[in-house]
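Undergrad: For reference, the file input-v4.cif (mmCIF, C-alpha atoms and all ligand atoms) is included below:
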data_target
#
loop_
_atom_site.label_atom_id
_atom_site.label_comp_id
_atom_site.auth_asym_id
_atom_site.auth_seq_id
_atom_site.Cartn_x
_atom_site.Cartn_y
_atom_site.Cartn_z
CA MET Q 1 -16.22 -2.30 0.73
CA ASN Q 2 -15.45 0.50 3.15
CA GLN Q 3 -16.44 -1.42 6.28
CA ASN Q 4 -13.32 -3.54 6.14
CA LYS Q 5 -10.82 -0.85 5.35
CA ILE Q 6 -7.24 -2.00 5.06
CA ASN Q 7 -3.89 -0.34 4.48
CA ILE Q 8 -2.00 -1.21 1.33
CA ALA Q 9 1.77 -0.80 1.18
CA ILE Q 10 3.47 -0.60 -2.22
CA ASP Q 11 7.25 -0.66 -2.15
CA GLY Q 12 9.84 -1.09 -4.84
CA TYR Q 13 12.55 0.36 -7.03
CA SER Q 14 12.62 3.88 -8.45
CA SER Q 15 10.10 4.64 -11.14
CA CYS Q 16 8.53 1.23 -11.52
CA GLY Q 17 4.96 2.52 -11.54
CA LYS Q 18 4.20 2.34 -7.82
CA GLY Q 19 2.43 5.70 -7.93
CA THR Q 20 0.32 4.75 -10.93
CA LEU Q 21 -0.83 1.53 -9.30
CA ALA Q 22 -1.38 3.16 -5.92
CA LYS Q 23 -3.57 5.82 -7.51
CA GLN Q 24 -5.60 3.27 -9.49
CA LEU Q 25 -6.15 1.07 -6.44
CA ALA Q 26 -7.07 3.99 -4.19
CA LYS Q 27 -9.65 5.20 -6.69
CA LEU Q 28 -11.15 1.76 -7.05
CA LEU Q 29 -11.45 1.21 -3.30
CA GLY Q 30 -12.32 4.79 -2.35
CA TYR Q 31 -9.09 5.06 -0.34
CA LYS Q 32 -6.53 7.83 0.08
CA PHE Q 33 -3.36 7.58 -2.01
CA ILE Q 34 -0.21 8.99 -0.43
CA ASP Q 35 3.10 9.16 -2.28
CA SER Q 36 5.64 9.02 0.55
CA GLY Q 37 8.50 9.76 -1.87
CA SER Q 38 7.07 13.23 -2.48
CA MET Q 39 7.65 13.98 1.23
CA TYR Q 40 11.36 13.09 0.98
CA ARG Q 41 11.49 15.11 -2.21
CA ALA Q 42 9.88 18.13 -0.49
CA VAL Q 43 12.48 18.08 2.33
CA THR Q 44 15.18 17.91 -0.37
CA LEU Q 45 13.67 20.87 -2.23
CA TYR Q 46 13.59 22.87 1.02
CA CYS Q 47 17.32 22.22 1.60
CA ILE Q 48 18.21 23.15 -1.98
CA GLU Q 49 16.23 26.39 -1.78
CA LYS Q 50 17.75 27.33 1.60
CA ASP Q 51 21.21 26.37 0.37
CA ILE Q 52 21.69 23.91 3.21
CA ASP Q 53 24.60 21.50 2.92
CA ILE Q 54 22.72 18.24 2.32
CA SER Q 55 25.71 16.11 3.26
CA ASN Q 56 25.68 17.60 6.77
CA GLU Q 57 23.15 15.52 8.74
CA THR Q 58 23.21 17.81 11.77
CA LEU Q 59 22.41 20.87 9.68
CA VAL Q 60 19.58 19.06 7.89
CA SER Q 61 18.20 17.69 11.14
CA ASN Q 62 18.21 21.15 12.76
CA GLU Q 63 16.20 22.53 9.86
CA LEU Q 64 13.38 20.00 10.14
CA LYS Q 65 11.38 22.07 12.62
CA GLN Q 66 11.07 24.74 9.92
CA VAL Q 67 9.68 22.25 7.43
CA THR Q 68 5.96 21.62 7.31
CA ILE Q 69 4.85 19.02 4.81
CA GLY Q 70 1.18 18.65 3.93
CA PHE Q 71 -1.10 17.39 1.20
CA GLU Q 72 -3.87 19.12 -0.70
CA PHE Q 73 -6.41 17.30 -2.83
CA ASN Q 74 -6.41 18.27 -6.50
CA GLU Q 75 -9.87 17.56 -7.89
CA LYS Q 76 -8.62 17.60 -11.49
CA ASN Q 77 -6.15 14.75 -11.24
CA GLU Q 78 -7.67 13.23 -8.08
CA ARG Q 79 -4.33 13.26 -6.29
CA PHE Q 80 -3.14 14.41 -2.91
CA GLU Q 81 -0.43 16.85 -3.91
CA VAL Q 82 2.48 17.63 -1.62
CA THR Q 83 2.89 21.03 -0.02
CA LEU Q 84 5.99 22.55 1.52
CA ASN Q 85 5.28 25.21 4.13
CA GLY Q 86 1.89 25.74 2.53
CA ARG Q 87 3.09 25.96 -1.08
CA ASN Q 88 2.10 23.29 -3.61
CA VAL Q 89 5.40 21.82 -4.84
CA GLU Q 90 4.05 18.67 -6.54
CA ALA Q 91 5.54 19.55 -9.94
CA GLU Q 92 8.81 20.99 -8.68
CA VAL Q 93 9.75 17.99 -6.58
CA ARG Q 94 9.81 15.81 -9.74
CA GLU Q 95 12.69 17.81 -11.26
CA MET Q 96 16.13 16.28 -11.68
CA LYS Q 97 17.71 18.80 -9.29
CA VAL Q 98 15.64 17.16 -6.53
CA ALA Q 99 15.93 13.58 -7.85
CA SER Q 100 19.71 13.85 -7.83
CA ARG Q 101 19.88 14.62 -4.09
CA VAL Q 102 16.81 12.96 -2.58
CA SER Q 103 18.38 9.59 -1.74
CA GLU Q 104 21.08 11.31 0.32
CA ILE Q 105 18.38 13.06 2.35
CA ALA Q 106 16.32 9.87 2.63
CA ALA Q 107 19.28 7.98 4.12
CA GLN Q 108 19.30 10.32 7.16
CA SER Q 109 17.63 8.92 10.27
CA ALA Q 110 16.33 12.24 11.60
CA VAL Q 111 14.52 12.88 8.32
CA ARG Q 112 13.09 9.36 8.27
CA LYS Q 113 11.90 9.58 11.87
CA TYR Q 114 10.14 12.88 11.16
CA LEU Q 115 8.40 11.70 7.98
CA VAL Q 116 7.57 8.17 9.15
CA SER Q 117 5.69 9.51 12.16
CA MET Q 118 3.62 11.76 9.84
CA GLN Q 119 2.94 8.81 7.55
CA GLN Q 120 1.80 6.65 10.44
CA LYS Q 121 -0.65 9.35 11.55
CA ILE Q 122 -2.09 9.51 8.01
CA GLY Q 123 -2.65 5.73 8.05
CA LYS Q 124 -3.94 5.23 11.57
CA ASP Q 125 -7.61 4.92 10.54
CA LYS Q 126 -6.82 2.61 7.60
CA GLY Q 127 -8.09 3.12 4.06
CA VAL Q 128 -4.72 4.30 2.76
CA VAL Q 129 -2.64 3.15 -0.18
CA MET Q 130 0.91 4.41 0.36
CA ASP Q 131 3.87 3.86 -1.91
CA GLY Q 132 7.55 4.15 -1.09
CA ARG Q 133 10.53 2.05 -0.05
CA ASP Q 134 9.81 1.10 3.59
CA ILE Q 135 6.04 1.25 3.82
CA GLY Q 136 5.48 -2.45 4.49
CA THR Q 137 8.62 -2.90 6.54
CA VAL Q 138 8.65 0.20 8.78
CA VAL Q 139 5.71 2.57 8.28
CA PHE Q 140 2.85 0.03 8.28
CA PRO Q 141 4.42 -3.31 9.25
CA ASP Q 142 0.83 -4.51 9.88
CA ALA Q 143 -0.47 -3.50 6.43
CA GLU Q 144 -2.95 -6.13 5.29
CA LEU Q 145 -1.60 -6.10 1.74
CA LYS Q 146 2.05 -5.51 0.86
CA ILE Q 147 3.11 -5.32 -2.78
CA PHE Q 148 6.71 -5.22 -3.98
CA MET Q 149 6.91 -3.76 -7.47
CA THR Q 150 9.71 -4.18 -9.90
CA ALA Q 151 10.49 -3.80 -13.61
CA SER Q 152 13.64 -3.81 -15.72
CA VAL Q 153 15.82 -0.71 -15.39
CA GLU Q 154 15.47 -0.05 -19.14
CA VAL Q 155 11.69 0.03 -19.00
CA ARG Q 156 11.71 2.10 -15.82
CA SER Q 157 14.10 4.65 -17.31
CA GLU Q 158 12.07 4.98 -20.50
CA ARG Q 159 8.86 5.54 -18.55
CA ARG Q 160 10.41 8.23 -16.33
CA PHE Q 161 12.18 9.85 -19.31
CA ASN Q 162 8.88 10.11 -21.21
CA GLU Q 163 7.16 11.58 -18.16
CA LEU Q 164 9.82 14.27 -17.77
CA ILE Q 165 9.85 15.10 -21.49
CA THR Q 166 6.05 15.37 -21.52
CA ALA Q 167 6.34 17.78 -18.59
CA GLY Q 168 8.68 19.91 -20.72
CA LYS Q 169 11.92 19.08 -18.84
CA GLU Q 170 15.27 18.89 -20.57
CA VAL Q 171 16.80 15.52 -19.76
CA THR Q 172 18.49 12.67 -21.56
CA LEU Q 173 17.61 9.01 -21.25
CA SER Q 174 21.09 8.16 -20.01
CA GLU Q 175 20.88 10.84 -17.31
CA VAL Q 176 17.56 9.38 -16.12
CA MET Q 177 18.91 5.82 -16.16
CA ALA Q 178 22.01 6.84 -14.19
CA ASN Q 179 19.84 8.60 -11.60
CA LEU Q 180 17.50 5.62 -11.15
CA SER Q 181 20.39 3.18 -10.78
CA GLU Q 182 22.18 5.40 -8.30
CA ARG Q 183 19.04 5.92 -6.21
CA ASP Q 184 18.34 2.19 -6.20
CA ARG Q 185 21.88 1.58 -5.00
CA ILE Q 186 21.68 4.11 -2.16
CA ASP Q 187 18.10 3.15 -1.19
CA SER Q 188 18.92 -0.57 -1.01
CA SER Q 189 22.21 -0.25 0.84
CA ARG Q 190 21.48 2.44 3.45
CA GLU Q 191 21.52 1.45 7.12
CA ASP Q 192 18.20 2.94 8.15
CA SER Q 193 15.16 1.26 6.53
CA PRO Q 194 16.76 0.01 3.32
CA LEU Q 195 14.53 -1.00 0.43
CA THR Q 196 13.97 -4.67 1.03
CA MET Q 197 11.23 -7.26 0.94
CA THR Q 198 9.99 -9.66 3.61
CA ASN Q 199 8.15 -12.88 2.83
CA ASP Q 200 4.72 -11.35 3.43
CA TYR Q 201 5.03 -9.26 0.23
CA LYS Q 202 3.40 -10.15 -3.06
CA VAL Q 203 5.74 -9.45 -5.97
CA LEU Q 204 4.50 -7.63 -9.05
CA ASP Q 205 6.92 -7.37 -11.98
CA ASN Q 206 5.27 -5.04 -14.47
CA THR Q 207 7.98 -5.00 -17.16
CA GLN Q 208 5.52 -6.60 -19.58
CA LEU Q 209 2.23 -5.51 -18.04
CA SER Q 210 -0.16 -2.76 -19.09
CA ARG Q 211 -1.72 -0.46 -16.48
CA ASP Q 212 -4.98 -2.41 -16.64
CA GLU Q 213 -3.23 -5.73 -16.25
CA GLN Q 214 -1.30 -4.61 -13.18
CA LEU Q 215 -4.45 -3.14 -11.66
CA ASN Q 216 -6.37 -6.37 -12.16
CA ILE Q 217 -3.71 -8.38 -10.36
CA ALA Q 218 -3.48 -5.98 -7.42
CA LYS Q 219 -7.26 -5.59 -7.26
CA SER Q 220 -7.73 -9.33 -6.91
CA TRP Q 221 -5.20 -9.40 -4.05
CA ALA Q 222 -6.96 -6.54 -2.26
CA LEU Q 223 -10.47 -7.91 -2.75
CA GLU Q 224 -9.39 -11.35 -1.65
CA TYR Q 225 -8.37 -9.91 1.69
CA ILE Q 226 -11.29 -7.48 2.06
CA ASN Q 227 -13.94 -10.08 1.20
CA GLN Q 228 -12.48 -12.70 3.49
CA ASN Q 229 -12.48 -10.48 6.56
O1 LIG V 301 8.95 8.10 -8.10
P1 LIG V 301 10.27 7.45 -7.82
O2 LIG V 301 10.14 5.98 -7.70
O3 LIG V 301 11.34 7.88 -8.74
O4 LIG V 301 10.77 7.96 -6.42
P2 LIG V 301 9.94 8.44 -5.18
O5 LIG V 301 8.97 7.38 -4.76
O6 LIG V 301 9.41 9.80 -5.44
O7 LIG V 301 11.06 8.52 -4.05
C1 LIG V 301 12.16 9.40 -4.15
C2 LIG V 301 13.24 8.95 -3.18
O8 LIG V 301 12.76 9.11 -1.84
C3 LIG V 301 13.68 7.50 -3.27
O9 LIG V 301 14.69 7.28 -4.23
C4 LIG V 301 14.16 7.23 -1.85
O10 LIG V 301 15.48 7.69 -1.68
C5 LIG V 301 13.26 8.10 -1.00
N1 LIG V 301 12.16 7.38 -0.35
C6 LIG V 301 12.41 6.67 0.80
O11 LIG V 301 13.56 6.57 1.22
N2 LIG V 301 11.41 6.08 1.48
C7 LIG V 301 10.15 6.17 1.05
N3 LIG V 301 9.18 5.60 1.73
C8 LIG V 301 9.87 6.84 -0.16
C9 LIG V 301 10.90 7.44 -0.85
#
Could you write out this file's structure as structure tokens?
Ligand code: CDP
TA:
Amino acid sequence: MNQNKINIAIDGYSSCGKGTLAKQLAKLLGYKFIDSGSMYRAVTLYCIEKDIDISNETLVSNELKQVTIGFEFNEKNERFEVTLNGRNVEAEVREMKVASRVSEIAAQSAVRKYLVSMQQKIGKDKGVVMDGRDIGTVVFPDAELKIFMTASVEVRSERRFNELITAGKEVTLSEVMANLSERDRIDSSREDSPLTMTNDYKVLDNTQLSRDEQLNIAKSWALEYINQN
């Protein structure tokens, strides 16, 4: 399988299971899974911790040279976890304080330019499954397989709410739903690299699908390409 390595781009709305699918597919194919959203979240966490005015693009842009984002492999959960200046921040970047500001940061061109170039380096030798909002449109426009994931906002909110509650966070379902809707609005309407789909994407609506069902669909798409080439 590894001889014909491809890149797989998974884009879509907030919390529709892109990460879950990306991780499953990467494991199955022996590829690397990179969650590009965690990089935007890490920049946001940096700004919050340094008390930088997130609405001021110049200030944020000037800070970027102080921000080193990396990934370290966690054997236990088989994930590449995000690091911020050497510190593992994988859990912290999921908190609502970050979620509530990340789309503002992600709309800024200097931030996007900085992170997209890192993402492209990670994918240059292929064999990467990356999920985000602009992976198939901007980061890897030549990705061999592009998947656009979607699910109803109710189902997405419940899934994210349960995740946060299981992680011991204090949140309400309505707070989570409001955050997802607001991020979707900002992500889809921003000028630089908005969340959008071109006609080379395959659409996967997982509102009614189990994890295994969604994996089977995506697996058949990936194998179809790999076996044909
Ligand atoms: O996990 P969830 O779907 O809630 O979000 P995420 O993938 O962690 O992404 C967090 C935020 O980062 C998104 O709402 C976008 O504003 C931004 N993002 C982006 O602009 N481009 C990407 N490739 C990935 C994330």
Undergrad: Between atom CA of Ala178 of chain Q and atom CA of Arg101 of chain Q, what distance in Å does the model show, to one decimal?
TA: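 Computing it gives 12.9 Å between the two atoms.
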Undergrad: From the options Q:Gln66, Q:Ser36, Q:Gln208, Q:Asn229, which residue's atoms come nearest to ligand LIG 301 (chain V), counting all atoms listed in the file?
TA: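 Answer, going by the shortest atom-to-atom distance: Q:Ser36.
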Undergrad: What does the list of residues within 6 Å of ligand LIG 301 (chain V) look like if you count only C-alpha atoms and all ligand atoms, written as a PyMOL selection string?
TA: chain Q and resi 14-15+36-38+40+102-103+106+132-135+183+187
Undergrad: Given 4 Å of margin on each side, can you work out the centre and size in Å (one decimal) of an axis-aligned box holding every listed atom of segment 93-110 of chain Q, as lines of an AutoDock Vina configuration file?
TA:
center_x = 15.4
center_y = 13.4
center_z = 0.0
size_x = 19.3
size_y = 18.8
size_z = 31.3
Undergrad: Taking (26.2, 15.9, 4.5) in the coordinates of the supplied file, I want to know which residues reach to within 12 Å of it, counting all atoms listed in the file; could you give the answer as a short mmCIF file (atom, residue, chain, number, x, y, z; two decimals) with C-alpha atoms, in the coordinates of the input?
TA:
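Produced file part_20.cif, reproduced below:
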data_model
loop_
_atom_site.label_atom_id
_atom_site.label_comp_id
_atom_site.auth_asym_id
_atom_site.auth_seq_id
_atom_site.Cartn_x
_atom_site.Cartn_y
_atom_site.Cartn_z
CA CYS Q 47 17.32 22.22 1.60
CA ILE Q 52 21.69 23.91 3.21
CA ASP Q 53 24.60 21.50 2.92
CA ILE Q 54 22.72 18.24 2.32
CA SER Q 55 25.71 16.11 3.26
CA ASN Q 56 25.68 17.60 6.77
CA GLU Q 57 23.15 15.52 8.74
CA THR Q 58 23.21 17.81 11.77
CA LEU Q 59 22.41 20.87 9.68
CA VAL Q 60 19.58 19.06 7.89
CA SER Q 61 18.20 17.69 11.14
CA ARG Q 101 19.88 14.62 -4.09
CA SER Q 103 18.38 9.59 -1.74
CA GLU Q 104 21.08 11.31 0.32
CA ILE Q 105 18.38 13.06 2.35
CA ALA Q 106 16.32 9.87 2.63
CA ALA Q 107 19.28 7.98 4.12
CA GLN Q 108 19.30 10.32 7.16
#
Undergrad: Which one is closest to Thr198 of chain Q: Q:Thr172, Q:Gln120, Q:Thr137, Q:Asn179? Count all atoms listed in the file.
TA: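 Nearest to Thr198 of chain Q: Q:Thr137.
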Undergrad: Segment 72-82 of chain Q: which residues within 10 Å, counting only C-alpha atoms, same-chain residues fewer than 5 positions away excluded, as a list in words?
TA: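 The residues that qualify are Lys23, Ala26, Lys27, Lys32, Phe33, Ile34, Asp35, Ser36, Gly37, Ser38, Met39, Arg41, Ala42, Arg87, Asn88, Val89, Glu90, Ala91 and Val93 of chain Q.
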Undergrad: Please compute the atom CA of Lys146 of chain Q-atom CA of Leu28 of chain Q distance, one decimal, in Å.
TA: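 Taking atom CA of Lys146 of chain Q as the start and atom CA of Leu28 of chain Q as the end point, the length is 17.0 Å.
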Undergrad: Between atom CA of Asp205 of chain Q and atom CA of Val139 of chain Q, what is the spacing in Å?
TA: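 Atom-to-atom, atom CA of Val139 of chain Q and atom CA of Asp205 of chain Q are spaced 22.6 Å apart.
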Undergrad: Compile the contact shell of Ala9 of chain Q as a list in words: residues with an atom at most 9 Å away, counting only C-alpha atoms, same-chain residues fewer than 2 positions apart removed.
TA: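 Neighbouring residues, sequence-local ones excluded: Asn7, Asp11, Ala22, Val128, Val129, Met130, Asp131, Gly132, Asp134, Ile135, Gly136, Thr137, Val139, Phe140, Pro141, Ala143, Glu144, Leu145, Lys146, Ile147 and Phe148 of chain Q.
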Undergrad: If you keep C-alpha atoms, can you produce a file of those selected residues as a PDB file, in the coordinates of the input?
TA:
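Result saved to again.pdb:
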ATOM      1  CA  ASN Q   7      -3.890  -0.340   4.480  1.00  0.00           C
ATOM      2  CA  ASP Q  11       7.250  -0.660  -2.150  1.00  0.00           C
ATOM      3  CA  ALA Q  22      -1.380   3.160  -5.920  1.00  0.00           C
ATOM      4  CA  VAL Q 128      -4.720   4.300   2.760  1.00  0.00           C
ATOM      5  CA  VAL Q 129      -2.640   3.150  -0.180  1.00  0.00           C
ATOM      6  CA  MET Q 130       0.910   4.410   0.360  1.00  0.00           C
ATOM      7  CA  ASP Q 131       3.870   3.860  -1.910  1.00  0.00           C
ATOM      8  CA  GLY Q 132       7.550   4.150  -1.090  1.00  0.00           C
ATOM      9  CA  ASP Q 134       9.810   1.100   3.590  1.00  0.00           C
ATOM     10  CA  ILE Q 135       6.040   1.250   3.820  1.00  0.00           C
ATOM     11  CA  GLY Q 136       5.480  -2.450   4.490  1.00  0.00           C
ATOM     12  CA  THR Q 137       8.620  -2.900   6.540  1.00  0.00           C
ATOM     13  CA  VAL Q 139       5.710   2.570   8.280  1.00  0.00           C
ATOM     14  CA  PHE Q 140       2.850   0.030   8.280  1.00  0.00           C
ATOM     15  CA  PRO Q 141       4.420  -3.310   9.250  1.00  0.00           C
ATOM     16  CA  ALA Q 143      -0.470  -3.500   6.430  1.00  0.00           C
ATOM     17  CA  GLU Q 144      -2.950  -6.130   5.290  1.00  0.00           C
ATOM     18  CA  LEU Q 145      -1.600  -6.100   1.740  1.00  0.00           C
ATOM     19  CA  LYS Q 146       2.050  -5.510   0.860  1.00  0.00           C
ATOM     20  CA  ILE Q 147       3.110  -5.320  -2.780  1.00  0.00           C
ATOM     21  CA  PHE Q 148       6.710  -5.220  -3.980  1.00  0.00           C
TER      22      PHE Q 148
END
Undergrad: Hey, what's within 12 Å of Leu164 of chain Q if we count all atoms listed in the file and toss same-chain stuff fewer than 6 positions away? As a list in words, please?
TA: Ser15, Ala91, Glu92, Val93, Arg94, Glu95, Met96, Ala99, Ser157, Glu158, Glu170, Val171, Thr172, Leu173, Glu175 and Val176 of chain Q
Undergrad: From the options Q:Leu29, Q:Gln119, Q:Tyr46, Q:Glu224, which residue's atoms come nearest to Phe71 of chain Q, counting all atoms listed in the file?
TA: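 Ranked by minimum distance to Phe71 of chain Q, first place goes to Q:Gln119.
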Undergrad: Got a sec: who's within 9 Å of Leu64 of chain Q, counting only C-alpha atoms, leaving out chain neighbours fewer than 5 positions off, as a PDB file with C-alpha atoms, in the coordinates of the input?
TA:
ATOM      1  CA  VAL Q  43      12.480  18.080   2.330  1.00  0.00           C
ATOM      2  CA  ALA Q 110      16.330  12.240  11.600  1.00  0.00           C
ATOM      3  CA  VAL Q 111      14.520  12.880   8.320  1.00  0.00           C
ATOM      4  CA  TYR Q 114      10.140  12.880  11.160  1.00  0.00           C
TER       5      TYR Q 114
END
Undergrad: Give me segment 25-35 of chain Q with all heavy atoms filled in, as a compact mmCIF listing (two decimals), in the coordinates of the input.
TA:
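The resulting file, selection21.txt, is shown below:
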# COMPACT_ATOMS: atom_id res chain seq x y z
N LEU Q 25 -5.55 1.89 -7.51
CA LEU Q 25 -6.15 1.07 -6.44
C LEU Q 25 -6.96 1.93 -5.47
O LEU Q 25 -8.05 1.56 -5.06
CB LEU Q 25 -5.04 0.40 -5.63
CG LEU Q 25 -4.66 -1.03 -5.93
CD1 LEU Q 25 -3.61 -1.49 -4.93
CD2 LEU Q 25 -5.88 -1.96 -5.88
N ALA Q 26 -6.40 3.10 -5.13
CA ALA Q 26 -7.07 3.99 -4.19
C ALA Q 26 -8.41 4.44 -4.76
O ALA Q 26 -9.43 4.48 -4.07
CB ALA Q 26 -6.18 5.19 -3.88
N LYS Q 27 -8.41 4.75 -6.05
CA LYS Q 27 -9.65 5.20 -6.69
C LYS Q 27 -10.70 4.08 -6.65
O LYS Q 27 -11.85 4.29 -6.29
CB LYS Q 27 -9.35 5.61 -8.12
CG LYS Q 27 -10.55 6.20 -8.79
CD LYS Q 27 -10.23 6.92 -10.06
CE LYS Q 27 -11.53 7.58 -10.54
NZ LYS Q 27 -11.43 8.07 -11.88
N LEU Q 28 -10.25 2.90 -7.00
CA LEU Q 28 -11.15 1.76 -7.05
C LEU Q 28 -11.77 1.45 -5.69
O LEU Q 28 -12.95 1.11 -5.58
CB LEU Q 28 -10.32 0.55 -7.52
CG LEU Q 28 -11.06 -0.73 -7.74
CD1 LEU Q 28 -11.42 -0.81 -9.21
CD2 LEU Q 28 -10.17 -1.91 -7.39
N LEU Q 29 -10.97 1.59 -4.64
CA LEU Q 29 -11.45 1.21 -3.30
C LEU Q 29 -12.03 2.39 -2.52
O LEU Q 29 -12.55 2.21 -1.43
CB LEU Q 29 -10.28 0.60 -2.50
CG LEU Q 29 -9.65 -0.67 -3.07
CD1 LEU Q 29 -8.35 -1.00 -2.34
CD2 LEU Q 29 -10.62 -1.84 -2.96
N GLY Q 30 -11.88 3.60 -3.09
CA GLY Q 30 -12.32 4.79 -2.35
C GLY Q 30 -11.39 5.11 -1.19
O GLY Q 30 -11.80 5.62 -0.15
N TYR Q 31 -10.10 4.81 -1.37
CA TYR Q 31 -9.09 5.06 -0.34
C TYR Q 31 -8.29 6.33 -0.68
O TYR Q 31 -8.40 6.87 -1.76
CB TYR Q 31 -8.10 3.89 -0.27
CG TYR Q 31 -8.63 2.62 0.38
CD1 TYR Q 31 -9.97 2.45 0.70
CD2 TYR Q 31 -7.76 1.58 0.66
CE1 TYR Q 31 -10.42 1.28 1.29
CE2 TYR Q 31 -8.20 0.40 1.24
CZ TYR Q 31 -9.54 0.25 1.55
OH TYR Q 31 -9.98 -0.91 2.13
N LYS Q 32 -7.45 6.72 0.28
CA LYS Q 32 -6.53 7.83 0.08
C LYS Q 32 -5.23 7.30 -0.50
O LYS Q 32 -4.73 6.28 -0.01
CB LYS Q 32 -6.15 8.39 1.46
CG LYS Q 32 -6.58 9.76 1.74
CD LYS Q 32 -5.91 10.18 3.04
CE LYS Q 32 -6.82 11.10 3.80
NZ LYS Q 32 -6.28 11.52 5.07
N PHE Q 33 -4.67 7.98 -1.48
CA PHE Q 33 -3.36 7.58 -2.01
C PHE Q 33 -2.31 8.59 -1.55
O PHE Q 33 -2.44 9.78 -1.82
CB PHE Q 33 -3.42 7.49 -3.54
CG PHE Q 33 -2.09 7.67 -4.22
CD1 PHE Q 33 -0.95 7.03 -3.76
CD2 PHE Q 33 -1.96 8.50 -5.33
CE1 PHE Q 33 0.28 7.20 -4.38
CE2 PHE Q 33 -0.74 8.67 -5.96
CZ PHE Q 33 0.37 8.02 -5.48
N ILE Q 34 -1.29 8.11 -0.88
CA ILE Q 34 -0.21 8.99 -0.43
C ILE Q 34 1.12 8.50 -0.99
O ILE Q 34 1.52 7.36 -0.80
CB ILE Q 34 -0.14 9.07 1.12
CG1 ILE Q 34 -1.44 9.63 1.72
CG2 ILE Q 34 1.06 9.89 1.58
CD1 ILE Q 34 -1.74 11.08 1.41
N ASP Q 35 1.80 9.44 -1.68
CA ASP Q 35 3.10 9.16 -2.28
C ASP Q 35 4.16 9.60 -1.27
O ASP Q 35 4.46 10.78 -1.13
CB ASP Q 35 3.17 9.98 -3.57
CG ASP Q 35 4.55 10.03 -4.17
OD1 ASP Q 35 5.48 9.38 -3.65
OD2 ASP Q 35 4.71 10.75 -5.19
